[in-house]
Structure formats: structure tokens, C-alpha cells
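Undergrad: Next comes work.txt, compact mmCIF, C-alpha atoms and all ligand atoms:
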# COMPACT_ATOMS: atom_id res chain seq x y z
CA MET A 1 0.00 0.00 0.00
CA GLU A 2 1.18 3.55 -0.69
CA GLY A 3 2.67 5.35 2.33
CA MET A 4 0.41 7.81 4.09
CA THR A 5 2.79 10.66 3.37
CA ASP A 6 1.78 10.15 -0.30
CA PHE A 7 -1.69 11.39 0.69
CA GLN A 8 -1.52 14.68 -1.18
CA HIS A 9 -4.65 16.80 -1.37
CA LEU A 10 -4.61 20.58 -1.78
CA PRO A 11 -7.25 22.11 0.51
CA VAL A 12 -9.80 24.08 -1.51
CA MET A 13 -10.64 27.75 -0.68
CA ALA A 14 -8.43 27.39 2.38
CA ARG A 15 -8.05 31.12 3.00
CA GLU A 16 -11.83 31.65 2.90
CA VAL A 17 -12.46 28.68 5.20
CA VAL A 18 -9.95 29.93 7.79
CA GLU A 19 -11.34 33.47 7.58
CA LEU A 20 -14.94 32.32 8.05
CA LEU A 21 -13.93 30.36 11.14
CA GLY A 22 -11.88 33.30 12.45
CA PRO A 23 -14.65 34.95 14.52
CA VAL A 24 -16.14 31.85 16.20
CA PRO A 25 -15.75 31.66 20.00
CA ALA A 26 -13.08 29.31 21.38
CA GLY A 27 -14.17 25.68 21.50
CA LEU A 28 -14.32 22.62 19.28
CA ILE A 29 -14.19 22.66 15.49
CA VAL A 30 -15.46 19.47 13.84
CA ASP A 31 -13.99 18.70 10.44
CA GLY A 32 -16.55 16.21 9.13
CA THR A 33 -14.45 15.33 6.06
CA VAL A 34 -10.91 15.54 7.41
CA GLY A 35 -9.34 13.74 4.40
CA GLY A 36 -5.57 14.32 4.46
CA GLY A 37 -5.97 16.98 7.18
CA GLY A 38 -5.21 19.94 4.89
CA HIS A 39 -7.98 22.27 6.09
CA ALA A 40 -7.71 20.87 9.62
CA SER A 41 -4.04 21.77 10.03
CA LEU A 42 -4.62 25.30 8.74
CA ILE A 43 -7.55 25.77 11.13
CA LEU A 44 -5.52 24.49 14.09
CA GLY A 45 -2.68 26.84 13.12
CA ALA A 46 -4.97 29.86 12.82
CA ARG A 47 -7.01 29.15 15.99
CA PRO A 48 -4.66 28.18 18.85
CA ASP A 49 -7.61 28.60 21.26
CA CYS A 50 -9.62 25.84 19.53
CA HIS A 51 -9.26 22.08 19.30
CA LEU A 52 -10.41 19.90 16.44
CA LEU A 53 -12.18 16.62 15.91
CA GLY A 54 -11.63 15.16 12.45
CA ILE A 55 -14.01 12.57 10.99
CA ASP A 56 -13.63 10.53 7.80
CA ARG A 57 -15.19 7.31 6.54
CA ASP A 58 -12.04 6.36 4.70
CA GLY A 59 -9.51 4.38 6.74
CA ASP A 60 -6.55 5.64 4.64
CA ALA A 61 -7.66 9.24 5.15
CA VAL A 62 -7.90 8.73 8.92
CA LEU A 63 -4.31 7.42 9.07
CA ALA A 64 -3.05 10.24 6.86
CA ALA A 65 -4.84 12.90 8.92
CA ARG A 66 -3.54 11.47 12.20
CA GLU A 67 0.00 11.69 10.86
CA ARG A 68 -0.50 15.19 9.50
CA LEU A 69 -2.10 16.51 12.71
CA ALA A 70 0.30 14.77 15.14
CA PRO A 71 2.26 18.02 15.74
CA TYR A 72 -0.88 19.49 17.36
CA GLY A 73 -0.85 16.81 20.08
CA SER A 74 -4.05 16.57 22.13
CA ARG A 75 -5.59 19.56 20.31
CA ALA A 76 -6.43 17.25 17.39
CA ARG A 77 -8.23 13.93 17.32
CA VAL A 78 -9.28 11.93 14.28
CA VAL A 79 -11.91 9.20 14.22
CA ARG A 80 -13.28 6.94 11.51
CA GLY A 81 -16.97 7.42 10.88
CA GLY A 82 -19.62 9.05 8.71
CA PHE A 83 -20.53 12.71 9.21
CA GLU A 84 -24.19 11.66 8.97
CA ASP A 85 -23.58 10.41 12.54
CA ILE A 86 -21.87 13.62 13.64
CA ALA A 87 -24.05 14.11 16.75
CA GLU A 88 -23.37 10.60 18.01
CA ILE A 89 -19.63 10.81 17.25
CA VAL A 90 -19.24 14.16 18.99
CA SER A 91 -21.10 12.96 22.07
CA ALA A 92 -19.16 9.66 22.16
CA GLU A 93 -15.97 11.74 22.22
CA GLY A 94 -17.36 13.55 25.25
CA GLU A 95 -17.44 16.89 23.47
CA GLY A 96 -20.02 19.64 23.78
CA ASN A 97 -18.72 23.07 22.92
CA VAL A 98 -19.04 22.86 19.12
CA MET A 99 -18.16 26.21 17.53
CA GLY A 100 -17.47 25.15 13.96
CA VAL A 101 -18.39 22.38 11.54
CA LEU A 102 -16.76 21.96 8.14
CA PHE A 103 -17.91 19.69 5.32
CA ASP A 104 -15.63 19.52 2.26
CA LEU A 105 -17.69 17.12 0.19
CA GLY A 106 -16.90 14.47 -2.37
CA VAL A 107 -13.76 12.46 -2.92
CA SER A 108 -10.17 13.40 -2.18
CA SER A 109 -7.39 13.48 -4.75
CA PRO A 110 -5.75 10.32 -3.29
CA GLN A 111 -9.06 8.44 -3.56
CA LEU A 112 -9.16 9.32 -7.26
CA ASP A 113 -5.45 8.81 -7.84
CA ARG A 114 -5.25 5.39 -6.23
CA GLY A 115 -6.61 3.55 -9.23
CA SER A 116 -7.20 0.42 -7.16
CA ARG A 117 -10.13 2.11 -5.34
CA GLY A 118 -12.18 2.02 -8.54
CA PHE A 119 -13.16 5.73 -8.47
CA SER A 120 -11.29 6.60 -11.63
CA TYR A 121 -12.18 5.97 -15.25
CA MET A 122 -8.49 6.45 -16.05
CA ALA A 123 -7.28 3.24 -14.39
CA ASP A 124 -8.56 -0.32 -14.83
CA ALA A 125 -9.57 -1.73 -11.44
CA PRO A 126 -12.34 -3.74 -9.77
CA LEU A 127 -15.65 -1.86 -9.61
CA ASP A 128 -15.50 -0.69 -5.99
CA MET A 129 -15.93 3.12 -5.35
CA ARG A 130 -16.58 2.68 -1.62
CA MET A 131 -15.22 5.48 0.54
CA ASP A 132 -15.68 3.14 3.49
CA ALA A 133 -14.33 -0.28 2.54
CA ARG A 134 -16.42 -1.86 5.36
CA GLN A 135 -19.79 -1.28 3.67
CA ASP A 136 -21.45 -3.92 1.47
CA LEU A 137 -22.71 -1.79 -1.43
CA THR A 138 -20.09 -1.49 -4.18
CA ALA A 139 -20.10 -0.13 -7.71
CA ALA A 140 -20.10 -3.76 -8.95
CA LEU A 141 -23.42 -4.34 -7.18
CA VAL A 142 -24.98 -1.17 -8.54
CA VAL A 143 -23.83 -1.84 -12.10
CA ASN A 144 -24.68 -5.55 -12.18
CA GLU A 145 -27.80 -5.82 -9.99
CA TYR A 146 -29.84 -2.60 -10.24
CA ASP A 147 -32.58 -2.74 -12.83
CA GLU A 148 -32.20 -0.68 -15.97
CA ALA A 149 -34.74 1.99 -14.99
CA ASP A 150 -33.03 2.60 -11.64
CA LEU A 151 -29.63 2.83 -13.30
CA ALA A 152 -30.96 5.31 -15.84
CA ARG A 153 -32.53 7.42 -13.08
CA ILE A 154 -29.32 7.48 -11.03
CA ILE A 155 -27.14 8.34 -14.01
CA ALA A 156 -29.56 11.06 -15.15
CA THR A 157 -30.05 12.60 -11.70
CA PHE A 158 -26.68 12.33 -9.99
CA GLY A 159 -24.65 12.50 -13.20
CA GLU A 160 -26.86 15.05 -14.98
CA GLU A 161 -26.12 12.87 -18.03
CA ARG A 162 -28.22 13.36 -21.16
CA HIS A 163 -27.50 9.88 -22.46
CA ALA A 164 -28.45 8.12 -19.23
CA ARG A 165 -31.03 5.81 -20.79
CA SER A 166 -28.78 4.48 -23.52
CA ILE A 167 -25.88 4.13 -21.07
CA ALA A 168 -28.08 2.12 -18.68
CA ARG A 169 -29.21 -0.08 -21.59
CA SER A 170 -25.62 -0.65 -22.69
CA ILE A 171 -24.54 -1.55 -19.11
CA VAL A 172 -27.37 -4.08 -18.74
CA ALA A 173 -26.59 -5.64 -22.13
CA ARG A 174 -22.93 -6.18 -21.18
CA ARG A 175 -23.41 -7.77 -17.76
CA PRO A 176 -21.52 -8.96 -15.88
CA LEU A 177 -19.18 -5.96 -15.77
CA LEU A 178 -16.10 -6.72 -13.70
CA THR A 179 -13.81 -3.72 -13.94
CA THR A 180 -13.87 0.04 -14.36
CA GLY A 181 -12.55 -0.64 -17.86
CA ASP A 182 -15.68 -2.71 -18.64
CA LEU A 183 -17.82 0.17 -17.39
CA VAL A 184 -15.95 2.74 -19.49
CA ALA A 185 -16.45 0.49 -22.54
CA ALA A 186 -20.20 0.18 -21.87
CA ILE A 187 -20.55 3.97 -21.50
CA THR A 188 -18.45 4.81 -24.55
CA ALA A 189 -20.46 2.41 -26.71
CA ALA A 190 -23.68 4.23 -25.74
CA ILE A 191 -22.50 7.76 -26.49
CA PRO A 192 -22.62 9.38 -29.95
CA GLY A 193 -19.24 9.19 -31.70
CA ARG A 194 -18.69 12.95 -31.92
CA LEU A 195 -19.01 13.31 -28.12
CA ARG A 196 -16.40 10.60 -27.60
CA ARG A 197 -13.80 12.71 -29.33
CA THR A 198 -14.50 16.13 -27.81
CA GLY A 199 -15.15 17.60 -24.35
CA PRO A 200 -14.70 15.92 -20.99
CA HIS A 201 -14.20 12.16 -20.73
CA PRO A 202 -17.51 10.47 -21.73
CA ALA A 203 -17.46 8.35 -18.54
CA ARG A 204 -17.02 11.26 -16.12
CA ARG A 205 -20.71 11.88 -15.36
CA THR A 206 -21.68 8.23 -15.05
CA PHE A 207 -18.75 7.47 -12.73
CA GLN A 208 -19.74 10.42 -10.56
CA ALA A 209 -23.35 9.22 -10.43
CA ILE A 210 -22.46 5.66 -9.45
CA ARG A 211 -20.02 6.93 -6.81
CA MET A 212 -22.77 9.12 -5.31
CA GLU A 213 -25.15 6.16 -5.21
CA VAL A 214 -22.59 3.76 -3.69
CA ASN A 215 -21.72 6.24 -0.95
CA ARG A 216 -25.26 7.61 -0.43
CA GLU A 217 -23.76 11.07 -0.68
CA LEU A 218 -26.87 13.28 -0.87
CA GLU A 219 -28.69 11.40 1.87
CA HIS A 220 -25.68 11.69 4.18
CA LEU A 221 -25.31 15.38 3.43
CA GLU A 222 -28.91 16.11 4.43
CA GLN A 223 -28.55 14.12 7.62
CA GLY A 224 -25.13 15.58 8.49
CA LEU A 225 -26.32 19.16 7.99
CA ASP A 226 -29.45 18.64 10.09
CA GLU A 227 -27.41 17.25 12.95
CA ALA A 228 -24.61 19.83 12.65
CA VAL A 229 -26.87 22.85 12.97
CA TYR A 230 -28.26 21.64 16.27
CA LEU A 231 -24.81 20.74 17.61
CA LEU A 232 -23.54 24.26 17.11
CA LYS A 233 -23.43 26.65 20.05
CA PRO A 234 -24.54 30.29 19.52
CA GLU A 235 -22.13 32.10 17.19
CA GLY A 236 -20.79 28.75 16.00
CA ARG A 237 -20.56 28.36 12.23
CA VAL A 238 -21.19 25.64 9.69
CA LEU A 239 -19.28 25.76 6.39
CA VAL A 240 -19.87 23.58 3.34
CA LEU A 241 -17.75 23.20 0.22
CA ALA A 242 -19.95 21.56 -2.43
CA TYR A 243 -18.74 20.43 -5.85
CA HIS A 244 -22.02 19.23 -7.33
CA SER A 245 -25.10 21.33 -8.09
CA LEU A 246 -27.43 18.91 -6.26
CA GLU A 247 -25.27 19.11 -3.13
CA ASP A 248 -25.14 22.88 -3.31
CA ARG A 249 -28.90 23.05 -3.72
CA ILE A 250 -29.39 21.00 -0.54
CA VAL A 251 -27.07 23.33 1.39
CA LYS A 252 -28.71 26.47 0.01
CA GLU A 253 -32.22 25.25 0.80
CA ARG A 254 -31.29 24.11 4.31
CA PHE A 255 -29.65 27.46 5.10
CA ARG A 256 -32.63 29.33 3.66
CA ASP A 257 -35.13 27.31 5.71
CA TRP A 258 -33.16 27.65 8.91
CA SER A 259 -32.84 31.40 8.54
CA ALA A 260 -36.50 31.93 7.60
CA THR A 261 -38.69 33.98 9.89
CA HIS A 262 -41.95 32.85 8.34
CA GLU A 263 -43.37 29.50 7.49
CA ALA A 264 -46.29 28.74 5.20
CA PRO A 265 -49.11 26.83 6.90
CA ALA A 266 -48.42 23.11 6.79
CA LEU A 267 -51.93 21.95 5.88
CA PRO A 268 -54.55 23.24 3.50
CA GLY A 269 -57.46 24.78 5.36
CA LEU A 270 -55.29 26.42 8.00
CA PRO A 271 -55.26 30.22 8.20
CA ALA A 272 -53.56 31.82 5.20
CA GLU A 273 -51.35 33.91 7.47
CA PRO A 274 -47.77 32.69 7.52
CA VAL A 275 -46.67 31.34 10.89
CA GLU A 276 -44.04 33.39 12.76
CA ARG A 277 -40.84 31.41 13.26
CA ILE A 278 -37.63 31.98 15.17
CA PRO A 279 -34.68 31.60 12.80
CA VAL A 280 -31.98 29.14 13.81
CA VAL A 281 -29.11 30.58 11.79
CA ARG A 282 -28.13 33.64 9.85
CA THR A 283 -26.64 32.99 6.44
CA LEU A 284 -23.15 34.44 6.03
CA THR A 285 -22.96 33.91 2.27
CA ARG A 286 -26.00 35.33 0.51
CA ARG A 287 -24.50 33.99 -2.69
CA ALA A 288 -22.11 31.06 -2.65
CA LEU A 289 -18.43 32.04 -2.61
CA ARG A 290 -16.34 30.88 -5.58
CA PRO A 291 -12.60 30.30 -5.77
CA ALA A 292 -10.28 32.96 -7.15
CA PRO A 293 -9.21 32.35 -10.78
CA THR A 294 -5.61 31.83 -9.60
CA GLU A 295 -6.73 28.99 -7.32
CA VAL A 296 -8.62 27.31 -10.18
CA GLU A 297 -5.45 27.55 -12.26
CA ASP A 298 -3.30 26.03 -9.51
CA ASN A 299 -5.84 23.43 -8.44
CA PRO A 300 -8.33 22.40 -11.16
CA ARG A 301 -10.27 20.36 -8.58
CA SER A 302 -11.52 23.67 -7.13
CA ARG A 303 -13.21 24.67 -10.40
CA SER A 304 -16.75 23.66 -9.52
CA VAL A 305 -16.71 24.44 -5.79
CA ARG A 306 -19.29 26.57 -3.98
CA LEU A 307 -18.69 27.63 -0.40
CA ARG A 308 -21.62 28.50 1.85
CA ALA A 309 -21.61 29.32 5.54
CA ALA A 310 -24.17 30.02 8.25
CA GLU A 311 -23.94 31.12 11.87
CA ARG A 312 -26.00 29.72 14.70
CA LEU A 313 -28.05 32.43 16.40
CA ALA A 314 -28.05 33.01 20.13
CA SER A 315 -31.83 33.38 20.08
CA ALA A 316 -32.41 30.08 18.28
CA PRO A 317 -34.48 27.44 20.06
CA LEU A 318 -32.29 24.60 21.30
CA ALA A 319 -34.21 21.85 19.57
CA ALA A 320 -32.93 18.31 19.58
CA PRO A 321 -31.44 16.79 16.41
CA ARG A 322 -33.72 14.68 14.22
CA ALA A 323 -35.42 11.82 16.03
CA SER A 324 -33.73 8.53 15.16
C1 LIG A 401 -12.57 16.51 -0.50
S1 LIG A 401 -11.97 15.37 0.67
C2 LIG A 401 -11.54 16.32 2.08
C3 LIG A 401 -10.15 16.89 2.04
C4 LIG A 401 -9.76 17.69 3.27
N1 LIG A 401 -10.64 18.83 3.49
C5 LIG A 401 -8.32 18.13 3.20
O1 LIG A 401 -8.07 19.34 3.19
O2 LIG A 401 -7.43 17.27 3.18
C6 LIG A 401 -13.47 14.61 1.19
C7 LIG A 401 -13.29 13.55 2.24
O3 LIG A 401 -14.57 13.33 2.82
C8 LIG A 401 -14.70 11.97 3.10
N2 LIG A 401 -16.14 11.70 3.18
C9 LIG A 401 -17.05 11.73 2.19
N3 LIG A 401 -18.28 11.47 2.66
C10 LIG A 401 -18.15 11.30 4.01
C11 LIG A 401 -19.06 11.03 5.07
N4 LIG A 401 -20.37 10.86 4.84
N5 LIG A 401 -18.57 10.96 6.32
C12 LIG A 401 -17.25 11.13 6.57
N6 LIG A 401 -16.33 11.37 5.60
C13 LIG A 401 -16.78 11.46 4.34
C14 LIG A 401 -13.97 11.26 2.00
O4 LIG A 401 -13.57 9.97 2.40
C15 LIG A 401 -12.79 12.21 1.75
O5 LIG A 401 -11.67 11.81 2.46
Turn this file's structure into C-alpha cells for me.
Ligand SMILES: C[S@@+](CC[C@H](N)C(=O)[O-])C[C@H]1O[C@@H](n2cnc3c(N)ncnc32)[C@H](O)[C@@H]1O

TA:
Amino acid sequence: MEGMTDFQHLPVMAREVVELLGPVPAGLIVDGTVGGGGHASLILGARPDCHLLGIDRDGDAVLAARERLAPYGSRARVVRGGFEDIAEIVSAEGEGNVMGVLFDLGVSSPQLDRGSRGFSYMADAPLDMRMDARQDLTAALVVNEYDEADLARIIATFGEERHARSIARSIVARRPLLTTGDLVAAITAAIPGRLRRTGPHPARRTFQAIRMEVNRELEHLEQGLDEAVYLLKPEGRVLVLAYHSLEDRIVKERFRDWSATHEAPALPGLPAEPVERIPVVRTLTRRALRPAPTEVEDNPRSRSVRLRAAERLASAPLAAPRAS
């Protein structure tokens, strides 16, 4: 296996992330996607009065982050887990004073670069794509067992792929597919010839869609956000870096709902007057922040990112996280 020091991932919009966490009161910052510890080490450096709990579902990332954050001693801890369980993880660690939560979504560069993980259409490998190698659902299961209509829906929705139906048909016709190379071949065969020669790699969108399905990415984001907002103490902040329009939409809608002061009546027949509501957060980014052109040049991975942040209000009701 590659050494953990090979775990190279440039943190995206690092200056903006550190600045947005600058004003939060001293306490705990939770990095829900600690990856190689890039953002985490910058946050620890900028906020000597805070400590940090890093979470990642990927065992390699956890080892890499522990190594990277070792110089911070007991100020940094890293655990393996899913950020959808952030409330449980934070309480199991005996922590309470949560002043910041960061989610830097998607996959890390090492996950993509280590061809053996099956995330990349550039390397031939078993169809895996699990961020957490302990789970049962793999890309092989999705590709070989889902019915054609489900595959088409996933590829169209998560991949925003126009040719989803013909790709799904081509996948089903070629079963069993064993490797990422088999999947690339099935996708390429379903796409009009002119598109194969121009633009981004024809498999990019489908690979993204299958990865999102395997790792339940949108579901986990919704759950993680809902738990994070109730973990935060007043003046604590939640920051999300989203690379996919569906993810960003979830973040935007959550922040909008939580900062709303009015709510439409829930049932028809109730009074037409909107119900007065106490907002839980104030949004710090009316429009999503985008990376500077120089960053996009230096780090193409940052190209599609949108950064949104919200601050927990002192007046907000201290409701419990979602009932489990
Ligand atoms: C873009 S990388 C984070 C990189 C990190 N910010 C850095 O600077 O090194 C995203 C990380 O989130 C992890 N991840 C994705 N979904 C997760 C989830 N639901 N729970 C915990 N970690 C998750 C991935 O395994 C990956 O390591």
C-alpha cells in the first residue's frame, strides 16, 4: 500500500475557510471530512484557542490525517466514521462546545489517484468506489444488480447525463461488468461518436453518479447538515464546500429554511397567514463564494466548488437533532 505521506490533497478555498472560522468563540471545530488533514491543520494553526475533531469514513484518510495533525498533540483527534452520525460521534468523544463544523464534500485526490479504489475511469480496477471499505454496497453491485430503470434514473439525476437511458441499456446488455474498464467500454459504446472525441471524458458523469449512489452522498449530506446545525453553540458556524449542483442546492435550501422567519401553513385549510418562526441561523454567504481564478489555475479540482456558511443564532431554540 502507498505510504500515508503520499496522501496529497490541496485544501480548496483554504483562506476563505480559515477566515470564516476566524470569529467563532473558542471551543471545538469538527472537520466532518478531514481527508488528508489539509484544512484541519490550517484551522488548528490559525485558531490556537480551539481544538479539532476530524471525521472521515475512509480508513486511509484517517491514518493520513492522524499523521499530519500529530504536531498538534491533544488539540487534534481523528476518528473513523460518517458525518451523517456527527451528533453521536461528537457525544461519544465527550465533546459539547461545538463552535465550527466543516464539510468539504466528495472524494479526495488520493481516492481518485489510487486507481485500485475504482473511483477513476483512467485506471482499470475492480468496480469498488466505496469510501468506506467496510460497507457492502459497491459499484459492482450497482452496475450488475440494479434494474435498468433505476440505473438510468441514477445516471440522469446524480450525473446530470443526457444519455443516461442508452448508457443504462448498454450496461445491462454487457453484464456482468467486472472492472472500471468494462464500465468505461459500456458507457463509450452508448454515447454518440462525436461526443467521444470532444469535451470531458464520456465516462465522467456516469462514474460520478455511481459513486454518489454507492456512498449515499446526498442522503448523508442532508442528515449531516441537520445534525450539525443543532450541535452548534450560539455564534458557532457551519461551512460547506460543495462540488455538485445537487449538493449545493441542498445546502442552500437548508440554510434558507433555517434562517427563515416565516413559514407557510403546513396543511390546507389552516389560516392563510404565515406562521411566525424563530430563525436558527443567519446565512453568512448570501451567494455562494467561488474560488479565485488563480486557485482554479493552480488546483483544477476547485473549479466547480461553492462555499456557503451560516452562523447559529443566540436566540435560536435549542431543539434536539432529528429523532432517530
Ligand atoms: C474533499 S476530501 C476532504 C479533504 C480535506 N478537506 C483536506 O483538506 O485534506 C473529502 C473527504 O470526505 C470523506 N467523506 C465523504 N463522505 C463522508 C461522510 N459521509 N462521512 C465522513 N467522511 C466522508 C472522503 O472519504 C474524503 O476523504

Undergrad: Tell me which protein, DNA and RNA residues are within 6 Å of region 141-155 of chain A, counting all atoms listed in the file, leaving out same-chain ones fewer than 2 positions away, and put them as JSON, numbers by chain.

TA: {"A": [138, 139, 157, 158, 159, 164, 165, 168, 176, 206, 209]}

Undergrad: Excluding Ala123 (chain A) and its own-chain neighbours fewer than 3 positions away, which residues fall within 9 Å of it when counting only C-alpha atoms? Please give them as a ChimeraX atom specification.

TA: /A:113-116,118-120,180-181

Undergrad: Pick the closest to Pro234 (chain A) from A:Ala156, A:Ala76, A:Met129, A:Met99: which is it, counting all atoms listed in the file?

TA: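 That would be A:Met99, the residue with the smallest distance to Pro234 (chain A).
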
Undergrad: Find the residue from A:Ala288, A:Met212, A:Val90, A:Leu231 that sits nearest to ligand LIG 401 (chain A); use all atoms listed in the file when measuring.

TA: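 Of all the options, A:Met212 lies closest to ligand LIG 401 (chain A).
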
Undergrad: Find the residues around Glu222 (chain A) up to 8 Å (only C-alpha atoms counted), leave out those fewer than 3 positions away in its own chain, and share them as a list of chain:residue names.

TA: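 Those residues are A:Glu84, A:Leu218, A:Glu219, A:Leu225, A:Asp226, A:Ile250.
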
Undergrad: Pick from A:Gly37, A:Glu227, A:Val17, A:Arg117: nearest to Arg306 (chain A), with only C-alpha atoms counted?

TA: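 Comparing A:Gly37, A:Glu227, A:Val17, A:Arg117 against Arg306 (chain A), the winner is A:Val17.
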
Undergrad: At a cut-off of 6 Å and counting all atoms listed in the file, what residues surround ligand LIG 401 (chain A)? Please answer as a list in words.

TA: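 Residues satisfying the distance criterion: His9, Pro11, Gly32, Thr33, Val34, Gly35, Gly36, Gly37, Gly38, His39, Ile55, Asp56, Arg57, Asp58, Ala61, Gly81, Gly82, Phe83, Glu84, Asp104, Leu105, Gly106, Val107, Ser108, Met131 and His220 of chain A.
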
Undergrad: Can you tell me, as a PDB file with C-alpha atoms, in the coordinates of the input, what residues are no more than 6 Å from Val240 (chain A) when counting all atoms listed in the file, ignoring any on the same chain fewer than 4 positions away?

TA:
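New file selection_26.pdb:
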ATOM      1  CA  LEU A 102     -16.760  21.960   8.140  1.00  0.00           C
ATOM      2  CA  PHE A 103     -17.910  19.690   5.320  1.00  0.00           C
ATOM      3  CA  ASP A 104     -15.630  19.520   2.260  1.00  0.00           C
ATOM      4  CA  LEU A 307     -18.690  27.630  -0.400  1.00  0.00           C
ATOM      5  CA  ARG A 308     -21.620  28.500   1.850  1.00  0.00           C
TER       6      ARG A 308
END

Undergrad: For CA of Val172 (chain A) and CA of Arg194 (chain A), determine how far apart the two atoms are, in Å to one decimal place.

TA: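 Between CA of Val172 (chain A) and CA of Arg194 (chain A) the gap is 23.2 Å.
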
Undergrad: Can you tell me how far CA of Val280 (chain A) sits from CA of Asn215 (chain A), in Å to one decimal?

TA: 29.1 Å

Undergrad: What is the distance between CA of Arg75 (chain A) and CA of Leu239 (chain A), in Å to one decimal?

TA: 20.5 Å

Undergrad: When distances are computed from only C-alpha atoms, which of A:Ala310, A:Ile167, A:Ala203, A:Ala190 shows the smallest separation from Lys252 (chain A)?

TA: A:Ala310

Undergrad: For Val238 (chain A), which of A:Ser91, A:Thr283, A:Asn97, A:Ser302 is the closest residue, counting only C-alpha atoms?

TA: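 Looking only at the distances to Val238 (chain A), the closest residue turns out to be A:Thr283.
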
Undergrad: Point out the residue among A:Gln111, A:Leu28, A:Thr198, A:Gln208 with the least atom-to-atom distance to Gly94 (chain A), counting only C-alpha atoms.

TA: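 Closest candidate: A:Leu28.
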
Undergrad: Excluding Val98 (chain A) and its own-chain neighbours fewer than 5 positions away, which residues fall within 12 Å of it when counting only C-alpha atoms? Please give them as a PyMOL selection string.

TA: chain A and resi 24-31+50-53+86-87+90-91+93+227-238+312

Undergrad: Output the selection as an mmCIF file, keeping the file's coordinate frame - C-alpha atoms for each residue.

TA:
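again.cif was written with the following content:
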data_model
loop_
_atom_site.group_PDB
_atom_site.id
_atom_site.type_symbol
_atom_site.label_atom_id
_atom_site.label_comp_id
_atom_site.auth_asym_id
_atom_site.auth_seq_id
_atom_site.Cartn_x
_atom_site.Cartn_y
_atom_site.Cartn_z
ATOM 1 C CA VAL A 24 -16.140 31.850 16.200
ATOM 2 C CA PRO A 25 -15.750 31.660 20.000
ATOM 3 C CA ALA A 26 -13.080 29.310 21.380
ATOM 4 C CA GLY A 27 -14.170 25.680 21.500
ATOM 5 C CA LEU A 28 -14.320 22.620 19.280
ATOM 6 C CA ILE A 29 -14.190 22.660 15.490
ATOM 7 C CA VAL A 30 -15.460 19.470 13.840
ATOM 8 C CA ASP A 31 -13.990 18.700 10.440
ATOM 9 C CA CYS A 50 -9.620 25.840 19.530
ATOM 10 C CA HIS A 51 -9.260 22.080 19.300
ATOM 11 C CA LEU A 52 -10.410 19.900 16.440
ATOM 12 C CA LEU A 53 -12.180 16.620 15.910
ATOM 13 C CA ILE A 86 -21.870 13.620 13.640
ATOM 14 C CA ALA A 87 -24.050 14.110 16.750
ATOM 15 C CA VAL A 90 -19.240 14.160 18.990
ATOM 16 C CA SER A 91 -21.100 12.960 22.070
ATOM 17 C CA GLU A 93 -15.970 11.740 22.220
ATOM 18 C CA GLU A 227 -27.410 17.250 12.950
ATOM 19 C CA ALA A 228 -24.610 19.830 12.650
ATOM 20 C CA VAL A 229 -26.870 22.850 12.970
ATOM 21 C CA TYR A 230 -28.260 21.640 16.270
ATOM 22 C CA LEU A 231 -24.810 20.740 17.610
ATOM 23 C CA LEU A 232 -23.540 24.260 17.110
ATOM 24 C CA LYS A 233 -23.430 26.650 20.050
ATOM 25 C CA PRO A 234 -24.540 30.290 19.520
ATOM 26 C CA GLU A 235 -22.130 32.100 17.190
ATOM 27 C CA GLY A 236 -20.790 28.750 16.000
ATOM 28 C CA ARG A 237 -20.560 28.360 12.230
ATOM 29 C CA VAL A 238 -21.190 25.640 9.690
ATOM 30 C CA ARG A 312 -26.000 29.720 14.700
#

Undergrad: Box time for region 166-180 of chain A: axis-aligned, enclosing all its listed atoms, 3 Å extra on each side; report centre and edge lengths in Å to one decimal, as JSON.

TA:
{"center_x": -21.5, "center_y": -2.2, "center_z": -18.6, "size_x": 21.4, "size_y": 19.4, "size_z": 15.8}

Undergrad: Please identify all polymer residues lying at most 8 Å from the point (-39.7, 30.1, 14.9) (file coordinates), using all atoms listed in the file, and present the result as an mmCIF file with C-alpha atoms, keeping the file's coordinate frame.

TA:
data_model
loop_
_atom_site.group_PDB
_atom_site.id
_atom_site.type_symbol
_atom_site.label_atom_id
_atom_site.label_comp_id
_atom_site.auth_asym_id
_atom_site.auth_seq_id
_atom_site.Cartn_x
_atom_site.Cartn_y
_atom_site.Cartn_z
ATOM 1 C CA THR A 261 -38.690 33.980 9.890
ATOM 2 C CA HIS A 262 -41.950 32.850 8.340
ATOM 3 C CA GLU A 276 -44.040 33.390 12.760
ATOM 4 C CA ARG A 277 -40.840 31.410 13.260
ATOM 5 C CA ILE A 278 -37.630 31.980 15.170
ATOM 6 C CA PRO A 279 -34.680 31.600 12.800
ATOM 7 C CA VAL A 280 -31.980 29.140 13.810
ATOM 8 C CA PRO A 317 -34.480 27.440 20.060
#
